[in-house]
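Notes follow once the structure below has been shown.
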2 protein chains.
Amino acid sequence: MLHQLSGSILNQFFGPSNLRKCTPEAYRKLREIVCKFEQAAILGNDIQLTQKEIKVNDVIMCLKMDEYNRGVKDPNQFVPGYHIFERLHDIEKSPLFQLLRRMPKGGALKAHDSSMCSTQFLIDLTYKKQLWACSIEDGCKIVQFRFSKDKPKIMQHKGGNWETMDEFRDRLGEENVRKYLKSLFSMYPLSNLKSNDLAWKHMMSIFNLINGIVLYYPIWGEYYYNALEEFSEDGVQYVEVRSLLKRLYCLDGKKLPVKETLEVYNNELERFKHDHPDFIDSKLIYAPHRQTTVQKMGEHVKLCTELNKEFPNLLIGFDLVGQEELGHPLSMFVKQLLKMPAHIQFYFHAGQTNWYGSPLDENLIDAILLGTKRIGHAYAITKHPLVMELAKKFGVAIEVCPVCNQVLQLGADYRNHPAASLIANDIPIVLSSGNPSFWRTKPLSHDFYMAFLGIAPRNADLKFLKRIAKNSIKHSALSDEEKANAMQKWKVKWEKWVDWTIENADEMLAEELNKQ
Amino acid sequence: MLHQLSGSILNQFFGPSNLRKCTPEAYRKLREIVCKFEQAAILGNDIQLTQKEIKVNDVIMCLKMDEYNRGVKDPNQFVPGYHIFERLHDIEKSPLFQLLRRMPKGGALKAHDSSMCSTQFLIDLTYKKQLWACSIEDGCKIVQFRFSKDKPKIMQHKGGNWETMDEFRDRLGEENVRKYLKSLFSMYPLSNLKSNDLAWKHMMSIFNLINGIVLYYPIWGEYYYNALEEFSEDGVQYVEVRSLLKRLYCLDGKKLPVKETLEVYNNELERFKHDHPDFIDSKLIYAPHRQTTVQKMGEHVKLCTELNKEFPNLLIGFDLVGQEELGHPLSMFVKQLLKMPAHIQFYFHAGQTNWYGSPLDENLIDAILLGTKRIGHAYAITKHPLVMELAKKFGVAIEVCPVCNQVLQLGADYRNHPAASLIANDIPIVLSSGNPSFWRTKPLSHDFYMAFLGIAPRNADLKFLKRIAKNSIKHSALSDEEKANAMQKWKVKWEKWVDWTIENADEMLAEELNKQ
């Protein structure tokens, strides 16, 4: 960056001893130029706002600055300084959050197949006929679910007792069970999460538990359709889903071939697009678990190649998921991964760790050298300036997941999130949520709120938000032609939101005023 | 950095689509080069180790990797993942810490005049004759100290009651008072520190309280001498002290002119150097409070200029202290600051905040444009890539204070400290403690331990530690000639430590083995 400045007239000032000889006037001018230079280099400053958008910007910045200034005055009131579990209800009351809720956000590029739907939707699913629950500890703790005609024979936990959900509810009372399930399906309370490791264990146990529900053939489609519905309601028009592509089971216990899992996605997606003409599309990234063998990795690559042949528009990429600390580094699988046909893109998770310099941390290097198209999390990337530079040069977008990083105990205060450095360096980023189901957040709005208010600089405004939304289409798996079409669909919604905001500005500002 | 790579043979691989066409062999080679390249760019990699130092490095890395690996296996055991208040005693038991304790660390470039000595020393001072305590809440809470012949007439708190410390101790029992004073003089327990703001308030209240003790003319010198003693015992041979240069008081309440404050420093320093020929030196940086007016700033600059004339080898620099959130931005005082004679260097605190983009955050820009020689904290610098680049270009060192940043609630987990990015980018840093008195840490060892084990990359080794130690002389206020002499004095100690470590290696390694 500096070399751009070097040739300029500024150069004469630089060097600490020269600077000490400045006049106050020269200093003011120099400072102004440096500040403008810094500002221009920040993510989003390439965006031009229309006249209408400038009006919207005034509203949004009024709401933001109000909340920000209240925080400076009393840090206790600044939501991004705290854990989201402690402040979830405060966020709901924020007029800024409500406006971001309505904002068309483009695509959600990082979502995991069975952690997309709201807790409420999961609870509703437990009312389905023929759902059984296996409980332990005197029938108080559910450890497994299963759809079955008769009492299931499979049992993961010794000494468990199977009964239908109807029986379970009759025994414990519907309201109690509702509260219990709410807690069971998400990671609350905060006191459960004593370390990164325990948070991961907790999350994996929820995945494991709900598998019994969502992997049931008729539910899998319903879950996906509902996920698209919830994302859509949150201002998302495009979704890329990381899926383990597990085999679905039938009422008689039979497991279907993996092709059926994709077939369900395909059909539900078509149905959803038919019902929602303003929705852009959804794609799948095959993402098996990283805790595997070299041989199995070879099989994953082969499977991915085959499935991509059958579903070329749906299954478009490959990734590995699971806690990096427990899995193997990408470098172990290079030989297998390089066999993947080049048109199937990589979207690797990497650097979701704070163990700087560990083999896991080095996944960032392998991700970029393997030609990844985006990097999931890349929480550790600011410790790898060369990877940052290459990401910028290659246009590799970072999928920033602020809430997820907090819940999985990588960071505490949003103001310290490494994405601030990415923003300052204009590294392409998109915002994602990861597993919103487990932290009771909206599909994307909470992450936008935390990033906008807590991570981005104070004066980051509508230009920043618009850049992030546009990035989600620019860095998606869509083809160039599809992107043009997607951008058009997003623009229609965006302009409606702009009009709505202008119309309702007074009301929102009054509401914010009431908060003071 | 990238442009250095661009011309090379590597260039043909770069670009994500090229990378996908790599053979596994080419990939391995490419990866190796990139890793080496990354490694070479990390702070400390310019250092060459001697044969003896290589042996020491084996020991130190064995101790470090043991502790690190135990942490990866069980994050609960990894001290830098937690608040130091919760793990202070664990640190004492770490063989790595004990070895770092003994290591000659060069200089401590950021220390504050009245927060340098151990709690024990402060407690000992309360046994001095003619010390009075003013207490409230039924005589249970001390709110003020004062040396006086008779009952002091000054009272900061309404309804307080003055009695001598002897009377106070008689009334409450010596052991109770000792425990009470231990808590009074430091910021424990952790539960007191609910926010950045409250932590600062707490810290300022301790400064305020002990002023009554340390500003007493005969104590001031004793405090400073003891501070040098404690720093010296912790492997520090050179100290730069930020001082508010408060006026000292006498037993009759009379306040001495500020010149006397410096005179005491001067005399005690000479006495200390005479008693400790291996000690290098100590310098003063005049650092008044940033919560002031433009007019007063002009007076501070004038006073600094005058005092520097009288004590040209002692008072060598200028800074502003206090919570940045509560003070005024540097930009407000530019006109006055530019009047400072250029030979009096600036050592500005800046960016000790997580309010990205706020006027306080912009202090980083002003510090660098005002030609500062070092920056205190610069916690927010990774959000300002241009400032980072200029710091590197100008050789402006960052005074990194890991423990202080945690205690003042800027960050939680040391592994997320922004200094990791500074290390990765080879920005010059020095390690400092700030106010070790208030967090019951050693003058420098705890900061070295946290930085080495928690912030630096896993493979950062003796080269890193040696670079940090050498940096503290290189970036000190010493003249070039003094630096050469200082380096020599440090080297003598360093070589002794190297020998000692080799001699005692087996014992240390056995102790570490016992911890598993």
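In the structure tokens, the first chain shown is A, the next is B, and so on; residue numbers restart at 1 for each chain, and ligands run from 1 in the order shown.
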Using only C-alpha atoms, determine which residues of chain B fall within 6 Å of chain A; present them as number ranges by chain. B: 15-16, 19-20, 24, 335, 354, 356-357, 370-371, 382-383, 394, 415, 421, 424, 457-458
Filtering to all heavy atoms, could you give me those residues as a short mmCIF file (atom, residue, chain, number, x, y, z; two decimals), in the first residue's frame?
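Written out: selection_28.cif:
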```cif
data_model
loop_
_atom_site.label_atom_id
_atom_site.label_comp_id
_atom_site.auth_asym_id
_atom_site.auth_seq_id
_atom_site.Cartn_x
_atom_site.Cartn_y
_atom_site.Cartn_z
N GLY B 15 -2.35 -18.38 -8.79
CA GLY B 15 -3.66 -18.27 -9.40
C GLY B 15 -4.36 -19.59 -9.12
O GLY B 15 -3.80 -20.65 -9.36
N PRO B 16 -5.60 -19.52 -8.56
CA PRO B 16 -6.27 -20.73 -8.09
C PRO B 16 -6.40 -21.80 -9.17
O PRO B 16 -6.29 -22.99 -8.89
CB PRO B 16 -7.64 -20.23 -7.66
CG PRO B 16 -7.52 -18.77 -7.51
CD PRO B 16 -6.39 -18.31 -8.38
N LEU B 19 -3.16 -23.68 -9.58
CA LEU B 19 -2.84 -24.51 -8.42
C LEU B 19 -3.55 -25.86 -8.48
O LEU B 19 -3.01 -26.87 -8.03
CB LEU B 19 -3.22 -23.76 -7.13
CG LEU B 19 -2.28 -22.61 -6.78
CD1 LEU B 19 -2.93 -21.67 -5.77
CD2 LEU B 19 -0.96 -23.13 -6.24
N ARG B 20 -4.73 -25.86 -9.04
CA ARG B 20 -5.49 -27.12 -9.13
C ARG B 20 -4.82 -28.13 -10.07
O ARG B 20 -5.18 -29.29 -10.08
CB ARG B 20 -6.92 -26.83 -9.61
CG ARG B 20 -7.78 -26.03 -8.63
CD ARG B 20 -8.02 -26.79 -7.33
NE ARG B 20 -8.78 -27.98 -7.53
CZ ARG B 20 -10.12 -28.03 -7.56
NH1 ARG B 20 -10.81 -26.93 -7.36
NH2 ARG B 20 -10.74 -29.15 -7.76
N PRO B 24 1.24 -33.76 -7.00
CA PRO B 24 1.53 -33.79 -5.56
C PRO B 24 2.98 -33.41 -5.27
O PRO B 24 3.26 -32.78 -4.25
CB PRO B 24 1.25 -35.25 -5.18
CG PRO B 24 0.26 -35.72 -6.18
CD PRO B 24 0.59 -35.01 -7.46
N LYS B 335 -0.83 21.40 17.84
CA LYS B 335 -0.11 22.67 17.79
C LYS B 335 0.91 22.77 18.94
O LYS B 335 2.06 23.18 18.74
CB LYS B 335 -1.12 23.82 17.88
CG LYS B 335 -0.61 25.13 17.33
CD LYS B 335 -1.70 26.18 17.29
CE LYS B 335 -1.08 27.56 17.21
NZ LYS B 335 -2.12 28.61 17.34
N ASN B 354 -10.65 -0.73 21.90
CA ASN B 354 -11.23 -1.57 20.85
C ASN B 354 -12.39 -0.88 20.14
O ASN B 354 -13.18 -1.52 19.47
CB ASN B 354 -11.60 -2.97 21.37
CG ASN B 354 -12.35 -2.91 22.67
OD1 ASN B 354 -12.97 -1.91 22.99
ND2 ASN B 354 -12.30 -3.98 23.42
N TYR B 356 -12.98 0.70 17.29
CA TYR B 356 -12.40 0.87 15.95
C TYR B 356 -13.05 2.05 15.20
O TYR B 356 -14.26 2.10 15.06
CB TYR B 356 -12.61 -0.43 15.17
CG TYR B 356 -12.11 -0.50 13.74
CD1 TYR B 356 -11.16 0.36 13.23
CD2 TYR B 356 -12.60 -1.51 12.90
CE1 TYR B 356 -10.72 0.25 11.92
CE2 TYR B 356 -12.16 -1.63 11.59
CZ TYR B 356 -11.23 -0.74 11.10
OH TYR B 356 -10.81 -0.86 9.80
N GLY B 357 -12.20 2.97 14.78
CA GLY B 357 -12.70 4.10 13.99
C GLY B 357 -13.13 5.29 14.83
O GLY B 357 -13.57 6.31 14.30
N LEU B 370 3.09 12.31 14.31
CA LEU B 370 3.84 13.24 15.17
C LEU B 370 5.28 12.77 15.36
O LEU B 370 6.06 13.38 16.09
CB LEU B 370 3.15 13.39 16.53
CG LEU B 370 1.91 14.29 16.55
CD1 LEU B 370 1.11 14.09 17.83
CD2 LEU B 370 2.29 15.77 16.40
N GLY B 371 5.60 11.66 14.72
CA GLY B 371 6.99 11.18 14.76
C GLY B 371 7.35 10.45 16.03
O GLY B 371 8.50 10.49 16.48
N THR B 382 -3.62 -3.36 14.34
CA THR B 382 -3.88 -4.27 13.22
C THR B 382 -5.10 -3.83 12.41
O THR B 382 -5.33 -4.32 11.32
CB THR B 382 -4.08 -5.73 13.70
OG1 THR B 382 -5.12 -5.74 14.67
CG2 THR B 382 -2.82 -6.28 14.30
N LYS B 383 -5.86 -2.90 12.95
CA LYS B 383 -6.98 -2.34 12.18
C LYS B 383 -6.52 -1.15 11.33
O LYS B 383 -7.33 -0.51 10.67
CB LYS B 383 -8.10 -1.90 13.15
CG LYS B 383 -8.70 -3.05 13.93
CD LYS B 383 -9.55 -2.57 15.09
CE LYS B 383 -10.07 -3.76 15.91
NZ LYS B 383 -10.66 -3.33 17.19
N PHE B 394 9.53 3.16 9.58
CA PHE B 394 10.25 4.14 10.41
C PHE B 394 10.99 3.47 11.57
O PHE B 394 11.67 4.16 12.35
CB PHE B 394 9.27 5.15 11.02
CG PHE B 394 8.55 6.01 10.03
CD1 PHE B 394 7.44 6.75 10.43
CD2 PHE B 394 8.95 6.10 8.71
CE1 PHE B 394 6.77 7.55 9.53
CE2 PHE B 394 8.28 6.89 7.80
CZ PHE B 394 7.19 7.62 8.21
N ARG B 415 -4.13 -15.95 23.11
CA ARG B 415 -3.91 -16.44 21.74
C ARG B 415 -4.57 -15.54 20.70
O ARG B 415 -4.29 -15.64 19.51
CB ARG B 415 -4.43 -17.88 21.61
CG ARG B 415 -3.54 -18.86 22.35
CD ARG B 415 -4.18 -20.22 22.42
NE ARG B 415 -5.43 -20.16 23.20
CZ ARG B 415 -6.25 -21.19 23.35
NH1 ARG B 415 -5.97 -22.34 22.79
NH2 ARG B 415 -7.35 -21.06 24.07
N SER B 421 -0.13 -10.78 15.07
CA SER B 421 -0.01 -10.24 13.71
C SER B 421 1.25 -9.40 13.56
O SER B 421 1.86 -9.37 12.50
CB SER B 421 -1.22 -9.38 13.35
OG SER B 421 -2.35 -10.17 13.21
N ALA B 424 4.01 -11.81 13.10
CA ALA B 424 3.96 -12.40 11.76
C ALA B 424 4.45 -11.42 10.70
O ALA B 424 5.00 -11.82 9.67
CB ALA B 424 2.54 -12.84 11.43
N PRO B 457 3.98 -17.71 17.61
CA PRO B 457 3.65 -19.01 17.02
C PRO B 457 4.30 -20.15 17.78
O PRO B 457 5.27 -19.95 18.52
CB PRO B 457 4.21 -18.91 15.60
CG PRO B 457 5.16 -17.77 15.59
CD PRO B 457 4.72 -16.84 16.68
N ARG B 458 3.73 -21.32 17.59
CA ARG B 458 4.19 -22.51 18.30
C ARG B 458 5.71 -22.68 18.23
O ARG B 458 6.36 -22.95 19.23
CB ARG B 458 3.52 -23.74 17.66
CG ARG B 458 3.65 -25.00 18.46
CD ARG B 458 2.85 -26.11 17.81
NE ARG B 458 3.50 -26.62 16.62
CZ ARG B 458 3.70 -27.92 16.37
NH1 ARG B 458 3.27 -28.81 17.23
NH2 ARG B 458 4.28 -28.31 15.27
#
```
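The neighbours of His112 of chain A here are the residues that come within 9 Å of it, using only C-alpha atoms and leaving out any residue fewer than 2 positions away in the same chain; they are Lys110, Ser114, Ser115, Met116, Glu240, Val241, Arg242, Ser243, Leu244, Gly434 and Asn435 of chain A.
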Quick one: DSSP helix (DSSP H, G or I) residues in segment 426-477 of chain B, as a PyMOL selection string? chain B and resi 436-439+445-455+462-474
Write the residues you've just listed into a file as a compact mmCIF listing (two decimals), in the first residue's frame, and include N, CA and C atoms for each of them.
```txt
# COMPACT_ATOMS: atom_id res chain seq x y z
N PRO B 436 2.71 -3.67 36.81
CA PRO B 436 2.73 -5.02 37.38
C PRO B 436 2.34 -5.05 38.85
N SER B 437 2.59 -3.94 39.54
CA SER B 437 2.24 -3.86 40.96
C SER B 437 0.78 -4.22 41.19
N PHE B 438 -0.07 -3.78 40.28
CA PHE B 438 -1.52 -3.92 40.51
C PHE B 438 -2.07 -5.28 40.12
N TRP B 439 -1.28 -6.05 39.37
CA TRP B 439 -1.75 -7.41 39.08
C TRP B 439 -0.84 -8.48 39.66
N SER B 445 8.54 -10.86 33.68
CA SER B 445 8.54 -12.29 33.37
C SER B 445 7.17 -12.82 32.95
N HIS B 446 6.11 -12.36 33.60
CA HIS B 446 4.79 -12.87 33.24
C HIS B 446 4.43 -12.46 31.80
N ASP B 447 4.82 -11.27 31.42
CA ASP B 447 4.52 -10.83 30.06
C ASP B 447 5.33 -11.64 29.04
N PHE B 448 6.56 -11.94 29.39
CA PHE B 448 7.37 -12.79 28.51
C PHE B 448 6.75 -14.19 28.38
N TYR B 449 6.31 -14.70 29.49
CA TYR B 449 5.73 -16.05 29.50
C TYR B 449 4.46 -16.10 28.63
N MET B 450 3.57 -15.13 28.83
CA MET B 450 2.32 -15.12 28.06
C MET B 450 2.59 -14.89 26.57
N ALA B 451 3.53 -14.02 26.28
CA ALA B 451 3.82 -13.73 24.87
C ALA B 451 4.48 -14.93 24.20
N PHE B 452 5.38 -15.56 24.91
CA PHE B 452 6.15 -16.67 24.32
C PHE B 452 5.27 -17.91 24.13
N LEU B 453 4.46 -18.20 25.14
CA LEU B 453 3.65 -19.42 25.10
C LEU B 453 2.28 -19.18 24.43
N GLY B 454 1.73 -17.98 24.64
CA GLY B 454 0.35 -17.75 24.21
C GLY B 454 0.18 -16.95 22.94
N ILE B 455 1.08 -16.01 22.68
CA ILE B 455 0.88 -15.10 21.54
C ILE B 455 1.72 -15.50 20.33
N LEU B 462 14.15 -19.51 20.97
CA LEU B 462 15.11 -18.61 21.60
C LEU B 462 15.44 -17.41 20.70
N LYS B 463 15.38 -17.61 19.39
CA LYS B 463 15.63 -16.51 18.47
C LYS B 463 14.63 -15.38 18.71
N PHE B 464 13.38 -15.78 18.92
CA PHE B 464 12.33 -14.80 19.21
C PHE B 464 12.64 -14.06 20.51
N LEU B 465 12.97 -14.81 21.54
CA LEU B 465 13.23 -14.19 22.85
C LEU B 465 14.44 -13.27 22.80
N LYS B 466 15.45 -13.69 22.07
CA LYS B 466 16.67 -12.89 21.97
C LYS B 466 16.38 -11.61 21.19
N ARG B 467 15.58 -11.72 20.15
CA ARG B 467 15.23 -10.55 19.36
C ARG B 467 14.47 -9.53 20.22
N ILE B 468 13.54 -10.04 21.04
CA ILE B 468 12.75 -9.16 21.91
C ILE B 468 13.67 -8.46 22.91
N ALA B 469 14.57 -9.23 23.50
CA ALA B 469 15.50 -8.63 24.46
C ALA B 469 16.36 -7.57 23.78
N LYS B 470 16.89 -7.89 22.62
CA LYS B 470 17.75 -6.94 21.91
C LYS B 470 16.96 -5.71 21.45
N ASN B 471 15.72 -5.95 21.03
CA ASN B 471 14.87 -4.82 20.65
C ASN B 471 14.74 -3.78 21.76
N SER B 472 14.72 -4.28 23.00
CA SER B 472 14.49 -3.36 24.12
C SER B 472 15.67 -2.41 24.30
N ILE B 473 16.81 -2.78 23.78
CA ILE B 473 17.94 -1.85 23.81
C ILE B 473 17.96 -1.02 22.53
N LYS B 474 17.74 -1.71 21.42
CA LYS B 474 17.73 -1.04 20.12
C LYS B 474 16.69 0.10 20.08
```
Contacts of Gln130 of chain A at 12 Å (only C-alpha atoms; same-chain gap of 6+ positions) as a PyMOL selection string: chain A and resi 145-152+162-167+213+216+250-252
At a cut-off of 9 Å, using only C-alpha atoms, what residues contact segment 47-62 of chain B? Leave out same-chain residues fewer than 2 positions from it and give the result as a PyMOL selection string. chain B and resi 44-45+64-67+96+99-100+459-464+466-467+495+498-499+501-502+505-506+508-509+512
Strand (DSSP E) per DSSP on the backbone: members of segment 120-325 of chain A, as a PyMOL selection string: chain A and resi 131-136+141-147+161-164+236-243+281-286+315-318
Requested write-out: N, CA and C atoms of the selected residues, as a tab-separated table (two decimals), in the first residue's frame:
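Wrote result.tsv, looks like this:
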```tsv
chain	number	residue	atom	x	y	z
A	131	LEU	N	-42.69	-40.85	15.89
A	131	LEU	CA	-41.35	-40.46	16.40
A	131	LEU	C	-41.18	-41.03	17.80
A	132	TRP	N	-40.08	-41.73	17.99
A	132	TRP	CA	-39.76	-42.32	19.29
A	132	TRP	C	-38.58	-41.58	19.91
A	133	ALA	N	-38.57	-41.59	21.24
A	133	ALA	CA	-37.45	-40.97	21.96
A	133	ALA	C	-36.86	-42.01	22.91
A	134	CYS	N	-35.57	-42.07	22.96
A	134	CYS	CA	-34.89	-42.97	23.90
A	134	CYS	C	-34.34	-42.13	25.04
A	135	SER	N	-34.73	-42.45	26.26
A	135	SER	CA	-34.30	-41.60	27.38
A	135	SER	C	-33.53	-42.41	28.42
A	136	ILE	N	-32.70	-41.71	29.15
A	136	ILE	CA	-31.97	-42.33	30.27
A	136	ILE	C	-32.22	-41.48	31.51
A	141	LYS	N	-33.87	-37.73	30.38
A	141	LYS	CA	-32.90	-37.18	29.45
A	141	LYS	C	-32.96	-37.93	28.11
A	142	ILE	N	-33.39	-37.22	27.07
A	142	ILE	CA	-33.46	-37.87	25.76
A	142	ILE	C	-32.06	-37.95	25.16
A	143	VAL	N	-31.69	-39.13	24.70
A	143	VAL	CA	-30.37	-39.30	24.11
A	143	VAL	C	-30.44	-39.73	22.65
A	144	GLN	N	-31.64	-40.03	22.15
A	144	GLN	CA	-31.76	-40.47	20.76
A	144	GLN	C	-33.21	-40.32	20.30
A	145	PHE	N	-33.36	-39.98	19.03
A	145	PHE	CA	-34.69	-39.95	18.41
A	145	PHE	C	-34.70	-40.96	17.26
A	146	ARG	N	-35.87	-41.43	16.92
A	146	ARG	CA	-35.96	-42.34	15.78
A	146	ARG	C	-37.43	-42.45	15.33
A	147	PHE	N	-37.62	-42.32	14.03
A	147	PHE	CA	-38.95	-42.61	13.49
A	147	PHE	C	-39.04	-44.11	13.27
A	161	ASN	N	-34.41	-46.16	27.45
A	161	ASN	CA	-35.76	-46.68	27.31
A	161	ASN	C	-36.49	-45.96	26.18
A	162	TRP	N	-36.97	-46.74	25.23
A	162	TRP	CA	-37.69	-46.14	24.10
A	162	TRP	C	-39.16	-45.94	24.44
A	163	GLU	N	-39.70	-44.79	24.09
A	163	GLU	CA	-41.16	-44.59	24.14
A	163	GLU	C	-41.51	-43.61	23.03
A	164	THR	N	-42.76	-43.54	22.67
A	164	THR	CA	-43.13	-42.56	21.63
A	164	THR	C	-43.06	-41.16	22.24
A	236	VAL	N	-32.49	-13.48	2.69
A	236	VAL	CA	-31.49	-14.25	1.96
A	236	VAL	C	-32.14	-14.84	0.70
A	237	GLN	N	-31.49	-14.65	-0.44
A	237	GLN	CA	-32.10	-15.13	-1.69
A	237	GLN	C	-31.31	-16.28	-2.32
A	238	TYR	N	-30.22	-16.63	-1.69
A	238	TYR	CA	-29.38	-17.69	-2.27
A	238	TYR	C	-28.67	-18.38	-1.12
A	239	VAL	N	-28.59	-19.71	-1.19
A	239	VAL	CA	-27.99	-20.46	-0.08
A	239	VAL	C	-27.05	-21.55	-0.60
A	240	GLU	N	-25.84	-21.55	-0.07
A	240	GLU	CA	-24.96	-22.69	-0.34
A	240	GLU	C	-24.84	-23.52	0.93
A	241	VAL	N	-25.18	-24.80	0.79
A	241	VAL	CA	-25.25	-25.68	1.96
A	241	VAL	C	-24.10	-26.67	1.95
A	242	ARG	N	-23.35	-26.70	3.05
A	242	ARG	CA	-22.37	-27.77	3.26
A	242	ARG	C	-23.15	-28.97	3.77
A	243	SER	N	-23.01	-30.09	3.09
A	243	SER	CA	-23.74	-31.26	3.55
A	243	SER	C	-22.82	-32.46	3.65
A	281	ASP	N	-31.41	-19.24	-5.92
A	281	ASP	CA	-31.03	-20.64	-6.10
A	281	ASP	C	-30.39	-21.16	-4.82
A	282	SER	N	-30.08	-22.43	-4.83
A	282	SER	CA	-29.32	-23.04	-3.73
A	282	SER	C	-28.39	-24.08	-4.33
A	283	LYS	N	-27.21	-24.22	-3.73
A	283	LYS	CA	-26.22	-25.19	-4.21
A	283	LYS	C	-25.72	-26.02	-3.03
A	284	LEU	N	-25.13	-27.15	-3.35
A	284	LEU	CA	-24.58	-28.01	-2.31
A	284	LEU	C	-23.07	-28.13	-2.41
A	285	ILE	N	-22.45	-28.14	-1.26
A	285	ILE	CA	-21.01	-28.43	-1.17
A	285	ILE	C	-20.88	-29.71	-0.35
A	286	TYR	N	-20.34	-30.74	-0.97
A	286	TYR	CA	-20.17	-31.99	-0.24
A	286	TYR	C	-19.06	-31.80	0.78
A	315	LEU	N	-24.70	-30.06	-6.96
A	315	LEU	CA	-23.51	-30.37	-6.15
A	315	LEU	C	-22.28	-29.82	-6.86
A	316	ILE	N	-21.74	-28.73	-6.34
A	316	ILE	CA	-20.73	-28.00	-7.10
A	316	ILE	C	-19.39	-27.86	-6.38
A	317	GLY	N	-19.29	-28.32	-5.16
A	317	GLY	CA	-18.04	-28.07	-4.44
A	317	GLY	C	-17.74	-29.10	-3.37
A	318	PHE	N	-16.58	-28.93	-2.78
A	318	PHE	CA	-16.09	-29.89	-1.79
A	318	PHE	C	-15.44	-29.15	-0.62
```
In Å, how far is it from atom CA of Val492 of chain A to atom CA of Ala108 of chain A? 17.9 Å
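Shell of Leu88 of chain A at 10 Å, with only C-alpha atoms counted and residues fewer than 4 places along the chain excluded, is Val79, His83, Ile84, Glu92, Lys93, Trp439, Arg440, Thr441 and His446 of chain A.
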Interatomic distance between atom CA of Leu125 of chain B and atom CA of Phe85 of chain B? 24.3 Å
Could you jot down the atom CA of Pro428 of chain A to atom CA of Leu43 of chain A separation for me, Å, one decimal place? 7.6 Å
Surrounding residues of Ile219 of chain B excluding itself and chain neighbours under 2 positions, 12 Å, only C-alpha atoms, as a PyMOL selection string: chain B and resi 114+121-122+124-126+128-129+131+146-147+210-217+221-227+248-251+261+264-265+268
